[in-house]
file structure_19.cif (mmCIF, C-alpha atoms)
data_coords
#
loop_
_atom_site.group_PDB
_atom_site.id
_atom_site.type_symbol
_atom_site.label_atom_id
_atom_site.label_comp_id
_atom_site.auth_asym_id
_atom_site.auth_seq_id
_atom_site.Cartn_x
_atom_site.Cartn_y
_atom_site.Cartn_z
ATOM 1 C CA MET A 14 147.404 124.770 119.936
ATOM 2 C CA ILE A 15 148.642 124.455 116.353
ATOM 3 C CA ALA A 16 147.646 127.482 114.270
ATOM 4 C CA ASN A 17 144.661 126.876 112.008
ATOM 5 C CA ALA A 18 144.158 123.333 113.397
ATOM 6 C CA VAL A 19 140.590 122.254 112.734
ATOM 7 C CA ILE A 20 138.359 119.287 113.386
ATOM 8 C CA GLN A 21 135.169 118.162 111.663
ATOM 9 C CA ILE A 22 131.896 117.848 113.509
ATOM 10 C CA ARG A 23 128.312 117.339 112.377
ATOM 11 C CA LEU A 24 126.081 120.274 113.300
ATOM 12 C CA ASN A 25 122.347 119.752 112.740
ATOM 13 C CA GLU A 26 123.321 116.978 110.309
ATOM 14 C CA ARG A 27 125.753 119.118 108.281
ATOM 15 C CA VAL A 28 129.493 118.442 108.370
ATOM 16 C CA ILE A 29 131.411 121.601 109.276
ATOM 17 C CA ASP A 30 134.997 122.523 110.186
ATOM 18 C CA VAL A 31 135.569 124.141 113.584
ATOM 19 C CA PRO A 32 138.723 125.137 115.425
ATOM 20 C CA LYS A 33 140.313 122.401 117.481
ATOM 21 C CA GLY A 34 139.611 123.019 121.160
ATOM 22 C CA LEU A 35 136.244 124.706 120.532
ATOM 23 C CA ARG A 36 133.862 124.346 123.440
ATOM 24 C CA LEU A 37 130.191 123.414 123.047
ATOM 25 C CA ARG A 38 129.041 126.605 124.768
ATOM 26 C CA ASN A 39 131.006 128.753 122.314
ATOM 27 C CA LEU A 40 129.580 126.836 119.344
ATOM 28 C CA HIS A 41 126.116 127.377 120.799
ATOM 29 C CA ARG A 42 126.745 131.094 121.195
ATOM 30 C CA GLU A 43 128.229 131.491 117.694
ATOM 31 C CA ARG A 44 125.958 129.251 115.631
ATOM 32 C CA ALA A 45 122.572 129.059 117.380
ATOM 33 C CA PRO A 46 122.245 131.574 120.229
ATOM 34 C CA GLU A 47 118.443 131.289 120.124
ATOM 35 C CA ALA A 48 118.469 127.511 120.695
ATOM 36 C CA ASP A 49 117.063 126.157 123.965
ATOM 37 C CA ILE A 50 118.458 122.626 123.822
ATOM 38 C CA ALA A 51 121.844 121.178 122.945
ATOM 39 C CA ILE A 52 122.143 117.508 122.023
ATOM 40 C CA LEU A 53 125.651 116.033 121.890
ATOM 41 C CA ASN A 54 126.129 112.624 120.314
ATOM 42 C CA GLY A 55 122.483 111.743 120.844
ATOM 43 C CA PHE A 56 122.072 112.941 124.435
ATOM 44 C CA PRO A 57 120.749 116.276 125.751
ATOM 45 C CA THR A 58 123.402 118.085 127.735
ATOM 46 C CA THR A 59 123.923 121.290 129.700
ATOM 47 C CA GLU A 60 127.662 120.699 130.171
ATOM 48 C CA ASP A 61 130.286 122.839 128.489
ATOM 49 C CA VAL A 62 132.708 120.351 126.939
ATOM 50 C CA VAL A 63 135.535 120.553 124.440
ATOM 51 C CA LEU A 64 134.362 119.164 121.124
ATOM 52 C CA ASP A 65 136.156 116.211 119.554
ATOM 53 C CA ASP A 66 136.565 115.300 115.909
ATOM 54 C CA GLY A 67 133.435 113.483 114.699
ATOM 55 C CA ASP A 68 131.117 114.787 117.419
ATOM 56 C CA GLN A 69 127.472 115.223 116.439
ATOM 57 C CA VAL A 70 125.694 118.316 117.744
ATOM 58 C CA VAL A 71 122.056 119.325 117.337
ATOM 59 C CA PHE A 72 120.727 122.668 118.552
ATOM 60 C CA ILE A 73 116.955 122.981 118.922
ATOM 61 C CA GLN A 74 114.778 126.004 119.498
ATOM 62 C CA ARG A 75 111.529 124.851 121.070
ATOM 63 C CA GLY A 76 108.481 125.268 118.856
ATOM 64 C CA VAL A 77 110.432 126.372 115.775
ATOM 65 C CA VAL A 78 110.024 124.310 112.584
ATOM 66 C CA PRO A 79 113.335 123.588 110.835
ATOM 67 C CA GLY A 80 113.640 125.224 107.432
ATOM 68 C CA PRO A 81 113.442 123.083 104.289
ATOM 69 C CA GLU A 82 117.215 122.940 103.829
ATOM 70 C CA GLU A 83 117.840 121.932 107.430
ATOM 71 C CA LEU A 84 115.131 119.284 107.446
ATOM 72 C CA GLU A 85 116.351 117.940 104.113
ATOM 73 C CA ALA A 86 119.892 117.728 105.461
ATOM 74 C CA MET A 87 118.584 115.683 108.392
ATOM 75 C CA LEU A 88 116.752 113.274 106.072
ATOM 76 C CA VAL A 89 119.778 112.983 103.779
ATOM 77 C CA ALA A 90 121.927 112.163 106.794
ATOM 78 C CA ARG A 91 119.531 109.374 107.771
ATOM 79 C CA HIS A 92 118.866 107.943 104.298
ATOM 80 C CA GLY A 93 121.900 108.849 102.220
ATOM 81 C CA PRO A 94 121.597 111.295 99.304
ATOM 82 C CA ASP A 95 120.651 108.739 96.649
ATOM 83 C CA VAL A 96 117.790 107.238 98.673
ATOM 84 C CA HIS A 97 116.549 110.654 99.767
ATOM 85 C CA ASP A 98 116.538 112.027 96.220
ATOM 86 C CA LYS A 99 114.527 109.086 94.885
ATOM 87 C CA LEU A 100 111.961 109.352 97.672
ATOM 88 C CA LYS A 101 111.690 113.118 97.361
ATOM 89 C CA ARG A 102 110.877 112.737 93.648
ATOM 90 C CA GLY A 103 108.285 110.031 94.361
ATOM 91 C CA GLN A 104 104.559 110.578 93.887
ATOM 92 C CA VAL A 105 102.204 108.104 95.540
ATOM 93 C CA GLY A 106 98.419 107.849 95.283
ATOM 94 C CA ILE A 107 96.481 106.734 98.355
ATOM 95 C CA ALA A 108 92.944 105.558 97.663
ATOM 96 C CA GLY A 109 91.126 105.728 100.985
ATOM 97 C CA CYS A 110 92.357 107.623 104.052
ATOM 98 C CA GLY A 111 91.075 105.383 106.825
ATOM 99 C CA GLY A 112 93.108 103.042 109.017
ATOM 100 C CA LEU A 113 95.348 101.796 106.235
ATOM 101 C CA GLY A 114 95.548 104.949 104.154
ATOM 102 C CA SER A 115 96.224 107.387 106.972
ATOM 103 C CA THR A 116 98.909 105.106 108.422
ATOM 104 C CA VAL A 117 100.543 104.561 105.026
ATOM 105 C CA ALA A 118 100.544 108.327 104.434
ATOM 106 C CA VAL A 119 102.216 109.012 107.789
ATOM 107 C CA ALA A 120 104.925 106.419 107.089
ATOM 108 C CA LEU A 121 105.624 107.832 103.625
ATOM 109 C CA ALA A 122 105.693 111.443 104.867
ATOM 110 C CA ARG A 123 108.155 110.501 107.599
ATOM 111 C CA SER A 124 110.283 108.763 104.972
ATOM 112 C CA GLY A 125 110.413 111.903 102.825
ATOM 113 C CA VAL A 126 108.240 110.899 99.862
ATOM 114 C CA GLY A 127 107.701 114.214 98.108
ATOM 115 C CA ARG A 128 104.092 114.109 96.891
ATOM 116 C CA LEU A 129 101.053 112.231 98.184
ATOM 117 C CA VAL A 130 97.695 112.195 96.388
ATOM 118 C CA LEU A 131 94.991 111.642 99.036
ATOM 119 C CA VAL A 132 91.527 110.466 97.990
ATOM 120 C CA ASP A 133 88.572 109.924 100.317
ATOM 121 C CA PHE A 134 84.962 111.112 100.457
ATOM 122 C CA ASP A 135 84.474 110.565 104.193
ATOM 123 C CA VAL A 136 84.770 112.628 107.364
ATOM 124 C CA VAL A 137 86.481 111.705 110.631
ATOM 125 C CA GLU A 138 84.075 109.873 112.965
ATOM 126 C CA PRO A 139 84.518 108.895 116.630
ATOM 127 C CA SER A 140 84.663 105.208 115.661
ATOM 128 C CA ASN A 141 87.700 105.920 113.457
ATOM 129 C CA LEU A 142 89.929 106.857 116.372
ATOM 130 C CA ASN A 143 90.623 103.254 117.400
ATOM 131 C CA ARG A 144 92.933 102.738 114.407
ATOM 132 C CA GLN A 145 93.187 105.831 112.194
ATOM 133 C CA GLN A 146 95.761 108.629 112.338
ATOM 134 C CA TYR A 147 93.416 111.397 113.478
ATOM 135 C CA PHE A 148 92.743 113.271 116.688
ATOM 136 C CA ILE A 149 89.563 113.756 118.663
ATOM 137 C CA GLU A 150 89.359 117.472 117.824
ATOM 138 C CA GLN A 151 89.290 116.535 114.107
ATOM 139 C CA ILE A 152 85.960 114.699 114.349
ATOM 140 C CA GLY A 153 83.685 115.958 111.579
ATOM 141 C CA LEU A 154 86.497 117.216 109.331
ATOM 142 C CA PRO A 155 86.988 115.730 105.855
ATOM 143 C CA LYS A 156 89.584 113.001 106.168
ATOM 144 C CA VAL A 157 91.718 114.338 103.318
ATOM 145 C CA GLU A 158 91.906 117.751 104.998
ATOM 146 C CA ALA A 159 92.565 116.367 108.484
ATOM 147 C CA LEU A 160 95.223 113.990 107.176
ATOM 148 C CA ALA A 161 96.952 116.713 105.161
ATOM 149 C CA ALA A 162 97.071 118.863 108.304
ATOM 150 C CA ASN A 163 98.588 116.022 110.325
ATOM 151 C CA LEU A 164 101.179 115.291 107.639
ATOM 152 C CA ALA A 165 102.160 118.961 107.610
ATOM 153 C CA ARG A 166 102.870 118.706 111.342
ATOM 154 C CA ILE A 167 105.235 115.810 110.603
ATOM 155 C CA ASN A 168 106.889 117.061 107.420
ATOM 156 C CA PRO A 169 105.623 120.432 106.184
ATOM 157 C CA TYR A 170 107.530 120.075 102.920
ATOM 158 C CA VAL A 171 105.599 117.047 101.649
ATOM 159 C CA VAL A 172 103.011 118.083 99.058
ATOM 160 C CA ALA A 173 99.586 116.623 99.900
ATOM 161 C CA VAL A 174 97.122 116.809 96.993
ATOM 162 C CA ARG A 175 93.580 116.373 98.334
ATOM 163 C CA HIS A 176 90.561 114.952 96.509
ATOM 164 C CA GLN A 177 87.460 114.794 98.695
ATOM 165 C CA MET A 178 85.422 112.490 96.510
ATOM 166 C CA ARG A 179 84.103 108.980 96.103
ATOM 167 C CA LEU A 180 86.522 107.470 93.616
ATOM 168 C CA GLU A 181 84.815 105.992 90.542
ATOM 169 C CA MET A 182 86.503 103.940 87.831
ATOM 170 C CA ALA A 183 86.252 106.853 85.395
ATOM 171 C CA ASP A 184 88.177 109.090 87.826
ATOM 172 C CA VAL A 185 91.228 106.885 88.232
ATOM 173 C CA PHE A 186 93.284 108.199 85.323
ATOM 174 C CA ARG A 187 92.575 111.861 86.089
ATOM 175 C CA VAL A 188 93.305 111.528 89.785
ATOM 176 C CA PHE A 189 96.323 109.225 89.746
ATOM 177 C CA ALA A 190 98.023 110.075 86.431
ATOM 178 C CA GLY A 191 101.626 110.900 87.237
ATOM 179 C CA CYS A 192 101.790 108.666 90.310
ATOM 180 C CA ASP A 193 104.627 106.169 90.553
ATOM 181 C CA VAL A 194 102.565 103.818 92.757
ATOM 182 C CA VAL A 195 98.941 103.689 93.932
ATOM 183 C CA VAL A 196 97.987 102.189 97.307
ATOM 184 C CA GLU A 197 94.504 100.685 97.699
ATOM 185 C CA CYS A 198 93.198 101.301 101.227
ATOM 186 C CA PHE A 199 89.448 100.778 100.902
ATOM 187 C CA ASP A 200 87.202 98.867 103.315
ATOM 188 C CA ASN A 201 84.621 97.919 100.699
ATOM 189 C CA PRO A 202 85.443 94.745 98.704
ATOM 190 C CA ALA A 203 83.602 96.028 95.615
ATOM 191 C CA ALA A 204 85.595 99.272 95.687
ATOM 192 C CA LYS A 205 88.809 97.262 95.978
ATOM 193 C CA ALA A 206 87.928 95.199 92.913
ATOM 194 C CA ASP A 207 86.815 98.249 90.922
ATOM 195 C CA LEU A 208 90.085 100.053 91.589
ATOM 196 C CA ALA A 209 92.146 97.041 90.528
ATOM 197 C CA LEU A 210 90.181 96.799 87.271
ATOM 198 C CA ALA A 211 90.424 100.543 86.653
ATOM 199 C CA MET A 212 94.182 100.536 87.226
ATOM 200 C CA ARG A 213 94.632 97.721 84.703
ATOM 201 C CA LYS A 214 92.485 99.563 82.190
ATOM 202 C CA HIS A 215 93.600 103.181 82.623
ATOM 203 C CA LEU A 216 97.055 103.025 84.265
ATOM 204 C CA PRO A 217 98.397 99.577 83.405
ATOM 205 C CA THR A 218 102.064 100.435 84.008
ATOM 206 C CA VAL A 219 101.518 101.888 87.501
ATOM 207 C CA PRO A 220 101.917 99.387 90.362
ATOM 208 C CA LEU A 221 98.988 98.888 92.736
ATOM 209 C CA VAL A 222 99.547 97.858 96.364
ATOM 210 C CA ALA A 223 96.322 96.456 97.831
ATOM 211 C CA ALA A 224 95.323 94.856 101.136
ATOM 212 C CA SER A 225 92.960 92.076 102.174
ATOM 213 C CA GLY A 226 92.625 90.169 105.438
ATOM 214 C CA LEU A 227 93.753 92.183 108.457
ATOM 215 C CA ALA A 228 90.809 92.235 110.857
ATOM 216 C CA GLY A 229 90.925 91.133 114.460
ATOM 217 C CA TYR A 230 93.831 90.254 116.700
ATOM 218 C CA GLY A 231 95.359 87.195 115.042
ATOM 219 C CA PRO A 232 99.123 86.742 114.717
ATOM 220 C CA ALA A 233 100.850 89.696 113.106
ATOM 221 C CA THR A 234 103.149 87.248 111.329
ATOM 222 C CA ALA A 235 100.188 85.968 109.312
ATOM 223 C CA ILE A 236 100.096 89.287 107.456
ATOM 224 C CA VAL A 237 102.419 88.964 104.482
ATOM 225 C CA SER A 238 103.230 90.778 101.243
ATOM 226 C CA ARG A 239 103.143 89.099 97.866
ATOM 227 C CA ARG A 240 102.951 89.888 94.177
ATOM 228 C CA VAL A 241 99.650 88.567 92.893
ATOM 229 C CA LEU A 242 99.574 89.526 89.232
ATOM 230 C CA GLY A 243 102.014 91.520 87.143
ATOM 231 C CA ASN A 244 102.526 94.834 88.917
ATOM 232 C CA HIS A 245 99.800 94.319 91.532
ATOM 233 C CA PHE A 246 100.799 93.475 95.104
ATOM 234 C CA LEU A 247 98.634 92.230 97.978
ATOM 235 C CA VAL A 248 99.141 92.555 101.737
ATOM 236 C CA GLY A 249 97.244 90.640 104.426
ATOM 237 C CA ASP A 250 96.435 87.126 105.552
ATOM 238 C CA GLY A 251 93.730 86.833 102.888
ATOM 239 C CA VAL A 252 91.050 85.497 105.227
ATOM 240 C CA SER A 253 90.430 87.776 108.238
ATOM 241 C CA ALA A 254 87.444 89.834 107.137
ATOM 242 C CA ALA A 255 85.809 92.246 109.565
ATOM 243 C CA ARG A 256 82.622 90.944 111.178
ATOM 244 C CA PRO A 257 80.788 91.314 114.505
ATOM 245 C CA GLY A 258 83.240 90.433 117.265
ATOM 246 C CA LEU A 259 86.213 90.634 114.896
ATOM 247 C CA GLY A 260 86.661 94.274 114.006
ATOM 248 C CA LEU A 261 89.565 96.290 112.721
ATOM 249 C CA LEU A 262 92.069 97.045 115.482
ATOM 250 C CA ALA A 263 95.048 99.373 115.423
ATOM 251 C CA PRO A 264 97.921 96.839 115.710
ATOM 252 C CA ARG A 265 97.040 94.603 112.752
ATOM 253 C CA VAL A 266 95.971 97.564 110.633
ATOM 254 C CA ALA A 267 99.326 99.211 111.363
ATOM 255 C CA VAL A 268 101.201 96.020 110.475
ATOM 256 C CA ALA A 269 99.424 95.795 107.120
ATOM 257 C CA ALA A 270 99.922 99.507 106.437
ATOM 258 C CA GLY A 271 103.601 99.094 107.243
ATOM 259 C CA HIS A 272 103.822 96.310 104.669
ATOM 260 C CA GLN A 273 102.121 98.497 102.091
ATOM 261 C CA ALA A 274 104.357 101.480 102.778
ATOM 262 C CA ASN A 275 107.435 99.267 102.642
ATOM 263 C CA ILE A 276 106.453 97.905 99.221
ATOM 264 C CA VAL A 277 105.993 101.487 98.026
ATOM 265 C CA LEU A 278 109.467 102.452 99.227
ATOM 266 C CA ARG A 279 111.013 99.359 97.648
ATOM 267 C CA LEU A 280 109.341 100.179 94.337
ATOM 268 C CA LEU A 281 110.440 103.823 94.443
ATOM 269 C CA LEU A 282 113.996 102.798 95.281
ATOM 270 C CA GLY A 283 114.180 100.062 92.646
ATOM 271 C CA ALA A 284 114.655 97.289 95.215
ATOM 272 C CA ILE A 285 111.853 95.361 93.505
ATOM 273 C CA SER A 286 110.721 95.629 89.932
ATOM 274 C CA PRO A 287 107.200 96.846 89.139
ATOM 275 C CA HIS A 288 107.060 94.080 86.528
ATOM 276 C CA GLU A 289 106.739 90.395 87.241
ATOM 277 C CA GLY A 290 109.967 88.575 86.525
ATOM 278 C CA GLY A 291 111.897 91.880 86.488
#

call {"tool": "encode", "arguments": {"input": "structure_19.cif", "output": "structure tokens"}}
result
Amino acid sequence: MIANAVIQIRLNERVIDVPKGLRLRNLHRERAPEADIAILNGFPTTEDVVLDDGDQVVFIQRGVVPGPEELEAMLVARHGPDVHDKLKRGQVGIAGCGGLGSTVAVALARSGVGRLVLVDFDVVEPSNLNRQQYFIEQIGLPKVEALAANLARINPYVVAVRHQMRLEMADVFRVFAGCDVVVECFDNPAAKADLALAMRKHLPTVPLVAASGLAGYGPATAIVSRRVLGNHFLVGDGVSAARPGLGLLAPRVAVAAGHQANIVLRLLLGAISPHEGG
């Protein structure tokens, strides 16, 4: 072997130099002796192989949460540094933590959005579990607290600001000042309208991403995203209101929440302008 010959591999999403001819078992012993699992190029393995240039290795210790630097390196590797930095600096308000809001929050936390402002007055009920991102043992807990706990299990480095309250128009500026985007996730049509009016009055430059028309089990393709006025966006089919025999079900709620979360990411990343015609 040529003296000092090295290759580059990616170890837990960081590029490192290692000696040419290094075996996986030796890397395991030197770099992560406490790890239980070795993943080589996307597949778990127990074999001791010679590493090649460009190999990707992940060592995992069961039950141990990656540190902030390691988790950030993994997100950077998936997103690219520019995208990750913009999302990490993002602050998003979520008005209502039910089916839409809890699902939007999970999507944004997984994407690495740095700060989420959660607002809801309600507690987790058994009837919520058909579409909302909670667990049966959380029944009776305030939704903002239960959701923050679940987000911490996904990405413990996302800041979740909790407001257990019924949001009134006079509260909007105090609660959402500093947010880059606010997502409307209410069930009540009057509350939806009040928030839209309050945003125009108190935070006119902050985009609002609302939803309307997602009940039942109609075609998922009928749920669309569109800009409705200035910096306000609307997701849904516009007609499918909940009523007896046509309730809110997990698939269509998740589709709509995915649209909302995607608009948020596009706004944070500058893929769409918050201003009409921009």

call {"tool": "residues_around", "arguments": {"input": "structure_19.cif", "residues": "A:Asp68", "least_positions_apart": "3", "cutoff": "12 Å", "atoms": "all atoms listed in the file", "output": "VMD selection string"}}
result
chain A and resid 20 to 31 33 35 to 37 52 to 56 62 to 65 71

call {"tool": "resolve_selection", "arguments": {"input": "structure_19.cif", "expression": "the PyMOL selection byres ((chain A and resi 195-207) around 7)", "output": "mmCIF file with C-alpha atoms, keeping the file's coordinate frame"}}
result
data_model
loop_
_atom_site.group_PDB
_atom_site.id
_atom_site.type_symbol
_atom_site.label_atom_id
_atom_site.label_comp_id
_atom_site.auth_asym_id
_atom_site.auth_seq_id
_atom_site.Cartn_x
_atom_site.Cartn_y
_atom_site.Cartn_z
ATOM 1 C CA VAL A 105 102.204 108.104 95.540
ATOM 2 C CA GLY A 106 98.419 107.849 95.283
ATOM 3 C CA ILE A 107 96.481 106.734 98.355
ATOM 4 C CA ALA A 108 92.944 105.558 97.663
ATOM 5 C CA GLY A 109 91.126 105.728 100.985
ATOM 6 C CA CYS A 110 92.357 107.623 104.052
ATOM 7 C CA LEU A 113 95.348 101.796 106.235
ATOM 8 C CA GLY A 114 95.548 104.949 104.154
ATOM 9 C CA MET A 182 86.503 103.940 87.831
ATOM 10 C CA CYS A 192 101.790 108.666 90.310
ATOM 11 C CA VAL A 194 102.565 103.818 92.757
ATOM 12 C CA LEU A 208 90.085 100.053 91.589
ATOM 13 C CA ALA A 209 92.146 97.041 90.528
ATOM 14 C CA LEU A 210 90.181 96.799 87.271
ATOM 15 C CA ALA A 211 90.424 100.543 86.653
ATOM 16 C CA PRO A 220 101.917 99.387 90.362
ATOM 17 C CA LEU A 221 98.988 98.888 92.736
ATOM 18 C CA VAL A 222 99.547 97.858 96.364
ATOM 19 C CA ALA A 223 96.322 96.456 97.831
ATOM 20 C CA ALA A 224 95.323 94.856 101.136
#

call {"tool": "resolve_selection", "arguments": {"input": "structure_19.cif", "expression": "the PyMOL selection byres ((chain A and resi 273-289) around 9)", "output": "VMD selection string"}}
result
chain A and resid 96 99 to 100 102 to 105 113 116 to 118 120 to 121 124 126 193 to 196 218 to 220 222 to 224 238 240 242 to 248 268 to 272 290 to 291

call {"tool": "write_last_selection", "arguments": {"input": "structure_19.cif", "atoms": "C-alpha atoms", "output": "CSV table (one decimal), keeping the file's coordinate frame"}}
result
chain,number,residue,atom,x,y,z
A,96,VAL,CA,117.8,107.2,98.7
A,99,LYS,CA,114.5,109.1,94.9
A,100,LEU,CA,112.0,109.4,97.7
A,102,ARG,CA,110.9,112.7,93.6
A,103,GLY,CA,108.3,110.0,94.4
A,104,GLN,CA,104.6,110.6,93.9
A,105,VAL,CA,102.2,108.1,95.5
A,113,LEU,CA,95.3,101.8,106.2
A,116,THR,CA,98.9,105.1,108.4
A,117,VAL,CA,100.5,104.6,105.0
A,118,ALA,CA,100.5,108.3,104.4
A,120,ALA,CA,104.9,106.4,107.1
A,121,LEU,CA,105.6,107.8,103.6
A,124,SER,CA,110.3,108.8,105.0
A,126,VAL,CA,108.2,110.9,99.9
A,193,ASP,CA,104.6,106.2,90.6
A,194,VAL,CA,102.6,103.8,92.8
A,195,VAL,CA,98.9,103.7,93.9
A,196,VAL,CA,98.0,102.2,97.3
A,218,THR,CA,102.1,100.4,84.0
A,219,VAL,CA,101.5,101.9,87.5
A,220,PRO,CA,101.9,99.4,90.4
A,222,VAL,CA,99.5,97.9,96.4
A,223,ALA,CA,96.3,96.5,97.8
A,224,ALA,CA,95.3,94.9,101.1
A,238,SER,CA,103.2,90.8,101.2
A,240,ARG,CA,103.0,89.9,94.2
A,242,LEU,CA,99.6,89.5,89.2
A,243,GLY,CA,102.0,91.5,87.1
A,244,ASN,CA,102.5,94.8,88.9
A,245,HIS,CA,99.8,94.3,91.5
A,246,PHE,CA,100.8,93.5,95.1
A,247,LEU,CA,98.6,92.2,98.0
A,248,VAL,CA,99.1,92.6,101.7
A,268,VAL,CA,101.2,96.0,110.5
A,269,ALA,CA,99.4,95.8,107.1
A,270,ALA,CA,99.9,99.5,106.4
A,271,GLY,CA,103.6,99.1,107.2
A,272,HIS,CA,103.8,96.3,104.7
A,290,GLY,CA,110.0,88.6,86.5
A,291,GLY,CA,111.9,91.9,86.5

call {"tool": "closest_residue", "arguments": {"input": "structure_19.cif", "among": "A:Ser115, A:Glu82, A:Val237, A:Pro264", "to": "A:Ala162", "atoms": "all atoms listed in the file"}}
result
A:Ser115

call {"tool": "atom_distance", "arguments": {"input": "structure_19.cif", "atom1": "atom CA of A:Leu180", "atom2": "atom CA of A:Tyr230"}}
result
29.7 Å

call {"tool": "residues_around", "arguments": {"input": "structure_19.cif", "residues": "stretch 144-159 of chain A", "least_positions_apart": "6", "cutoff": "7 Å", "atoms": "only C-alpha atoms", "output": "number ranges by chain"}}
result
A: 110-112, 115-116, 131-133, 135-138, 175-177, 262-263

call {"tool": "atom_distance", "arguments": {"input": "structure_19.cif", "atom1": "atom CA of A:Ser253", "atom2": "atom CA of A:Val241"}}
result
17.9 Å

call {"tool": "residues_around", "arguments": {"input": "structure_19.cif", "residues": "A:Pro79", "least_positions_apart": "4", "cutoff": "10 Å", "atoms": "only C-alpha atoms", "output": "list in words"}}
result
Asn25, Ile73, Gln74, Glu83, Leu84, Glu85, Met87, Asn168 and Pro169 of chain A

call {"tool": "atom_distance", "arguments": {"input": "structure_19.cif", "atom1": "atom CA of A:Gly231", "atom2": "atom CA of A:Pro139"}}
result
24.3 Å

call {"tool": "residues_around", "arguments": {"input": "structure_19.cif", "residues": "A:Ala255", "least_positions_apart": "2", "cutoff": "10 Å", "atoms": "all atoms listed in the file", "output": "mmCIF file with C-alpha atoms, in the coordinates of the input"}}
result
data_model
loop_
_atom_site.group_PDB
_atom_site.id
_atom_site.type_symbol
_atom_site.label_atom_id
_atom_site.label_comp_id
_atom_site.auth_asym_id
_atom_site.auth_seq_id
_atom_site.Cartn_x
_atom_site.Cartn_y
_atom_site.Cartn_z
ATOM 1 C CA ASP A 200 87.202 98.867 103.315
ATOM 2 C CA GLY A 226 92.625 90.169 105.438
ATOM 3 C CA LEU A 227 93.753 92.183 108.457
ATOM 4 C CA ALA A 228 90.809 92.235 110.857
ATOM 5 C CA GLY A 229 90.925 91.133 114.460
ATOM 6 C CA VAL A 252 91.050 85.497 105.227
ATOM 7 C CA SER A 253 90.430 87.776 108.238
ATOM 8 C CA PRO A 257 80.788 91.314 114.505
ATOM 9 C CA GLY A 258 83.240 90.433 117.265
ATOM 10 C CA LEU A 259 86.213 90.634 114.896
ATOM 11 C CA GLY A 260 86.661 94.274 114.006
ATOM 12 C CA LEU A 261 89.565 96.290 112.721
ATOM 13 C CA LEU A 262 92.069 97.045 115.482
#

call {"tool": "closest_residue", "arguments": {"input": "structure_19.cif", "among": "A:Met212, A:Val19, A:Ala122, A:Ala45", "to": "A:Ala161", "atoms": "only C-alpha atoms"}}
result
A:Ala122

call {"tool": "closest_residue", "arguments": {"input": "structure_19.cif", "among": "A:Asn39, A:Ile236, A:Gly125, A:Tyr170", "to": "A:Gly80", "atoms": "all atoms listed in the file"}}
result
A:Tyr170

call {"tool": "axis_aligned_box", "arguments": {"input": "structure_19.cif", "around": "stretch 68-72 of chain A", "padding_each_side": "6 Å", "output": "JSON"}}
result
{"center_x": 125.9, "center_y": 118.7, "center_z": 117.5, "size_x": 22.4, "size_y": 19.9, "size_z": 14.1}

call {"tool": "decode", "arguments": {"input": "structure_19.cif", "residues": "stretch 176-188 of chain A", "atoms": "N, CA and C atoms", "output": "short mmCIF file (atom, residue, chain, number, x, y, z; two decimals), in the first residue's frame"}}
result
data_model
loop_
_atom_site.label_atom_id
_atom_site.label_comp_id
_atom_site.auth_asym_id
_atom_site.auth_seq_id
_atom_site.Cartn_x
_atom_site.Cartn_y
_atom_site.Cartn_z
N HIS A 176 -48.63 28.21 23.21
CA HIS A 176 -49.64 29.13 23.74
C HIS A 176 -50.94 28.34 23.87
N GLN A 177 -51.28 27.93 25.08
CA GLN A 177 -52.55 27.25 25.29
C GLN A 177 -53.61 28.33 25.53
N MET A 178 -54.31 28.66 24.47
CA MET A 178 -55.25 29.78 24.54
C MET A 178 -56.17 29.73 23.34
N ARG A 179 -57.32 30.36 23.49
CA ARG A 179 -58.22 30.58 22.36
C ARG A 179 -57.78 31.88 21.70
N LEU A 180 -57.32 31.80 20.48
CA LEU A 180 -56.75 32.96 19.80
C LEU A 180 -57.84 33.95 19.43
N GLU A 181 -57.71 35.19 19.92
CA GLU A 181 -58.61 36.28 19.57
C GLU A 181 -57.88 37.24 18.64
N MET A 182 -58.63 38.06 17.93
CA MET A 182 -58.02 38.98 16.97
C MET A 182 -56.98 39.88 17.64
N ALA A 183 -57.26 40.29 18.87
CA ALA A 183 -56.34 41.19 19.57
C ALA A 183 -55.03 40.51 19.95
N ASP A 184 -55.01 39.16 19.92
CA ASP A 184 -53.81 38.43 20.32
C ASP A 184 -52.84 38.20 19.17
N VAL A 185 -53.30 38.38 17.96
CA VAL A 185 -52.54 37.93 16.79
C VAL A 185 -51.16 38.56 16.71
N PHE A 186 -51.08 39.86 16.90
CA PHE A 186 -49.77 40.53 16.79
C PHE A 186 -48.82 40.03 17.87
N ARG A 187 -49.30 39.96 19.10
CA ARG A 187 -48.44 39.54 20.22
C ARG A 187 -47.94 38.11 20.02
N VAL A 188 -48.80 37.24 19.56
CA VAL A 188 -48.46 35.83 19.47
C VAL A 188 -47.58 35.53 18.26
#
